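To start, the structure itself, in structure tokens.
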Amino acid sequence: MMILSGAGAELMWALAEAVTNRAYVDDLMSHVRLPSAEAPAAFQAVIQATFEAYVPMRIRYVTHRVSAVL
């Protein structure tokens, strides 16, 4: 399951880019991967976006945390 959440409508555009654009996904996963090189079963990530005229111009990884799967 994936949940995307943002403070404004334009942020959803940036979040959609962050999880569908291969370059952004590769960058995110380079931070999130476990030492075994596998992806964790669950994690949360913070993404920052910079906008010009409501258009995302820069999207970057900020931080993440691996979540326990119950």
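Lettering and numbering for the structure tokens are positional, with chains as A, B, ... in the shown order, residues counted from 1 in each chain, and ligands counted from 1 in the shown order.
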
Using only C-alpha atoms, determine which residues lie at most 12 Å from stretch 24-28 of chain A, disregarding the query and same-chain residues fewer than 3 positions distant; provide the list as a ChimeraX atom specification.
-> /A:14-21,31-33,39,43-49,58-65

Restricting it to N, CA, C and O atoms, dump the selection as a CSV table (one decimal), in the first residue's frame.
```
chain,number,residue,atom,x,y,z
A,14,ALA,N,4.1,16.9,-7.3
A,14,ALA,CA,5.5,16.6,-7.0
A,14,ALA,C,5.7,15.2,-6.4
A,14,ALA,O,6.6,14.4,-6.7
A,15,LEU,N,4.7,14.8,-5.5
A,15,LEU,CA,4.8,13.4,-4.9
A,15,LEU,C,4.6,12.4,-6.0
A,15,LEU,O,5.3,11.3,-6.0
A,16,ALA,N,3.7,12.6,-6.9
A,16,ALA,CA,3.5,11.7,-8.0
A,16,ALA,C,4.7,11.5,-8.8
A,16,ALA,O,5.1,10.4,-9.2
A,17,GLU,N,5.4,12.6,-9.1
A,17,GLU,CA,6.7,12.6,-9.8
A,17,GLU,C,7.7,11.8,-9.0
A,17,GLU,O,8.5,11.0,-9.6
A,18,ALA,N,7.8,12.0,-7.7
A,18,ALA,CA,8.8,11.4,-6.9
A,18,ALA,C,8.6,9.9,-6.8
A,18,ALA,O,9.6,9.2,-6.6
A,19,VAL,N,7.4,9.3,-7.1
A,19,VAL,CA,7.3,7.9,-7.0
A,19,VAL,C,7.1,7.2,-8.4
A,19,VAL,O,6.9,6.0,-8.5
A,20,THR,N,7.1,8.0,-9.4
A,20,THR,CA,6.9,7.4,-10.8
A,20,THR,C,8.1,7.7,-11.7
A,20,THR,O,8.3,7.0,-12.7
A,21,ASN,N,8.8,8.8,-11.4
A,21,ASN,CA,10.0,9.1,-12.3
A,21,ASN,C,11.2,8.3,-11.8
A,21,ASN,O,11.6,8.3,-10.7
A,31,HIS,N,18.7,5.6,-0.6
A,31,HIS,CA,18.7,6.0,0.8
A,31,HIS,C,18.0,4.9,1.7
A,31,HIS,O,18.4,4.7,2.8
A,32,VAL,N,17.0,4.3,1.1
A,32,VAL,CA,16.1,3.5,1.9
A,32,VAL,C,16.6,2.0,2.0
A,32,VAL,O,16.3,1.3,3.0
A,33,ARG,N,17.3,1.5,1.0
A,33,ARG,CA,17.7,0.1,1.0
A,33,ARG,C,18.5,-0.3,2.3
A,33,ARG,O,19.2,0.5,2.8
A,39,ALA,N,15.0,-3.9,-0.2
A,39,ALA,CA,14.1,-2.8,0.2
A,39,ALA,C,13.4,-3.3,1.5
A,39,ALA,O,13.0,-4.4,1.6
A,43,PHE,N,8.3,1.5,4.9
A,43,PHE,CA,9.0,2.7,5.3
A,43,PHE,C,8.2,3.9,5.0
A,43,PHE,O,7.2,3.9,4.3
A,44,GLN,N,8.6,5.0,5.7
A,44,GLN,CA,8.1,6.3,5.5
A,44,GLN,C,9.2,7.2,5.0
A,44,GLN,O,10.3,7.1,5.4
A,45,ALA,N,8.9,8.1,4.1
A,45,ALA,CA,9.9,9.0,3.5
A,45,ALA,C,9.3,10.4,3.5
A,45,ALA,O,8.1,10.6,3.3
A,46,VAL,N,10.2,11.4,3.7
A,46,VAL,CA,9.9,12.8,3.5
A,46,VAL,C,10.6,13.3,2.3
A,46,VAL,O,11.8,13.1,2.1
A,47,ILE,N,9.8,13.9,1.4
A,47,ILE,CA,10.3,14.5,0.2
A,47,ILE,C,10.0,16.0,0.2
A,47,ILE,O,8.9,16.4,0.6
A,48,GLN,N,11.0,16.8,-0.3
A,48,GLN,CA,10.8,18.2,-0.3
A,48,GLN,C,10.7,18.6,-1.8
A,48,GLN,O,11.5,18.1,-2.6
A,49,ALA,N,9.8,19.6,-2.1
A,49,ALA,CA,9.7,20.1,-3.4
A,49,ALA,C,9.7,21.6,-3.4
A,49,ALA,O,9.2,22.2,-2.5
A,58,ARG,N,12.0,21.3,-8.3
A,58,ARG,CA,13.1,20.5,-7.7
A,58,ARG,C,12.4,19.6,-6.7
A,58,ARG,O,11.6,20.1,-5.9
A,59,ILE,N,12.7,18.4,-6.7
A,59,ILE,CA,12.2,17.4,-5.8
A,59,ILE,C,13.4,16.6,-5.2
A,59,ILE,O,14.2,16.2,-6.0
A,60,ARG,N,13.4,16.5,-3.9
A,60,ARG,CA,14.6,15.8,-3.3
A,60,ARG,C,14.2,15.1,-2.1
A,60,ARG,O,13.2,15.4,-1.3
A,61,TYR,N,14.9,14.0,-1.8
A,61,TYR,CA,14.8,13.2,-0.6
A,61,TYR,C,15.3,14.0,0.6
A,61,TYR,O,16.3,14.7,0.5
A,62,VAL,N,14.5,13.9,1.7
A,62,VAL,CA,15.0,14.6,2.9
A,62,VAL,C,15.4,13.5,4.0
A,62,VAL,O,16.5,13.6,4.5
A,63,THR,N,14.5,12.6,4.3
A,63,THR,CA,14.8,11.6,5.3
A,63,THR,C,13.8,10.5,5.2
A,63,THR,O,12.8,10.6,4.5
A,64,HIS,N,14.0,9.4,5.9
A,64,HIS,CA,13.1,8.3,6.0
A,64,HIS,C,13.2,7.6,7.3
A,64,HIS,O,14.2,7.8,8.0
A,65,ARG,N,12.3,6.7,7.5
A,65,ARG,CA,12.4,5.7,8.6
A,65,ARG,C,11.8,4.4,8.2
A,65,ARG,O,10.8,4.4,7.5
```

Neighbouring residues of A:Trp13 were defined as those with any atom within 10 Å, considering only C-alpha atoms; residues of the same chain fewer than 6 positions away were excluded. Please report them as a tab-separated table (two decimals) with N, CA and C atoms, in the first residue's frame.
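File produced: selection_9.tsv:
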```
chain	number	residue	atom	x	y	z
A	6	GLY	N	0.19	15.49	1.20
A	6	GLY	CA	0.85	16.79	1.08
A	6	GLY	C	-0.07	17.90	1.54
A	49	ALA	N	9.82	19.56	-2.07
A	49	ALA	CA	9.67	20.08	-3.43
A	49	ALA	C	9.74	21.60	-3.42
A	54	TYR	N	3.49	27.17	-9.13
A	54	TYR	CA	2.79	25.92	-8.78
A	54	TYR	C	3.30	24.69	-9.53
A	55	VAL	N	4.42	24.82	-10.22
A	55	VAL	CA	5.00	23.69	-10.95
A	55	VAL	C	6.23	23.21	-10.17
A	56	PRO	N	6.30	21.91	-9.87
A	56	PRO	CA	7.47	21.42	-9.13
A	56	PRO	C	8.74	21.53	-9.98
```

DSSP says helix (DSSP H, G or I) for which residues of chain A? Put them as an MDAnalysis selection string?
-> chainID A and resid 9:20 22:32

Check chain A with DSSP on the backbone and list each residue it calls strand (DSSP E), as a ChimeraX atom specification.
-> /A:43-52,55-66

When you draw a straight line from atom CA of A:Ser36 to atom CA of A:Leu70, how long is it in Å?
->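 Between these atoms lies a distance of 20.9 Å.
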
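Across A:Leu4, A:Met12, A:Ala23, A:Val66, the tightest approach to A:Ala42 is made by A:Val66 when counting only C-alpha atoms.
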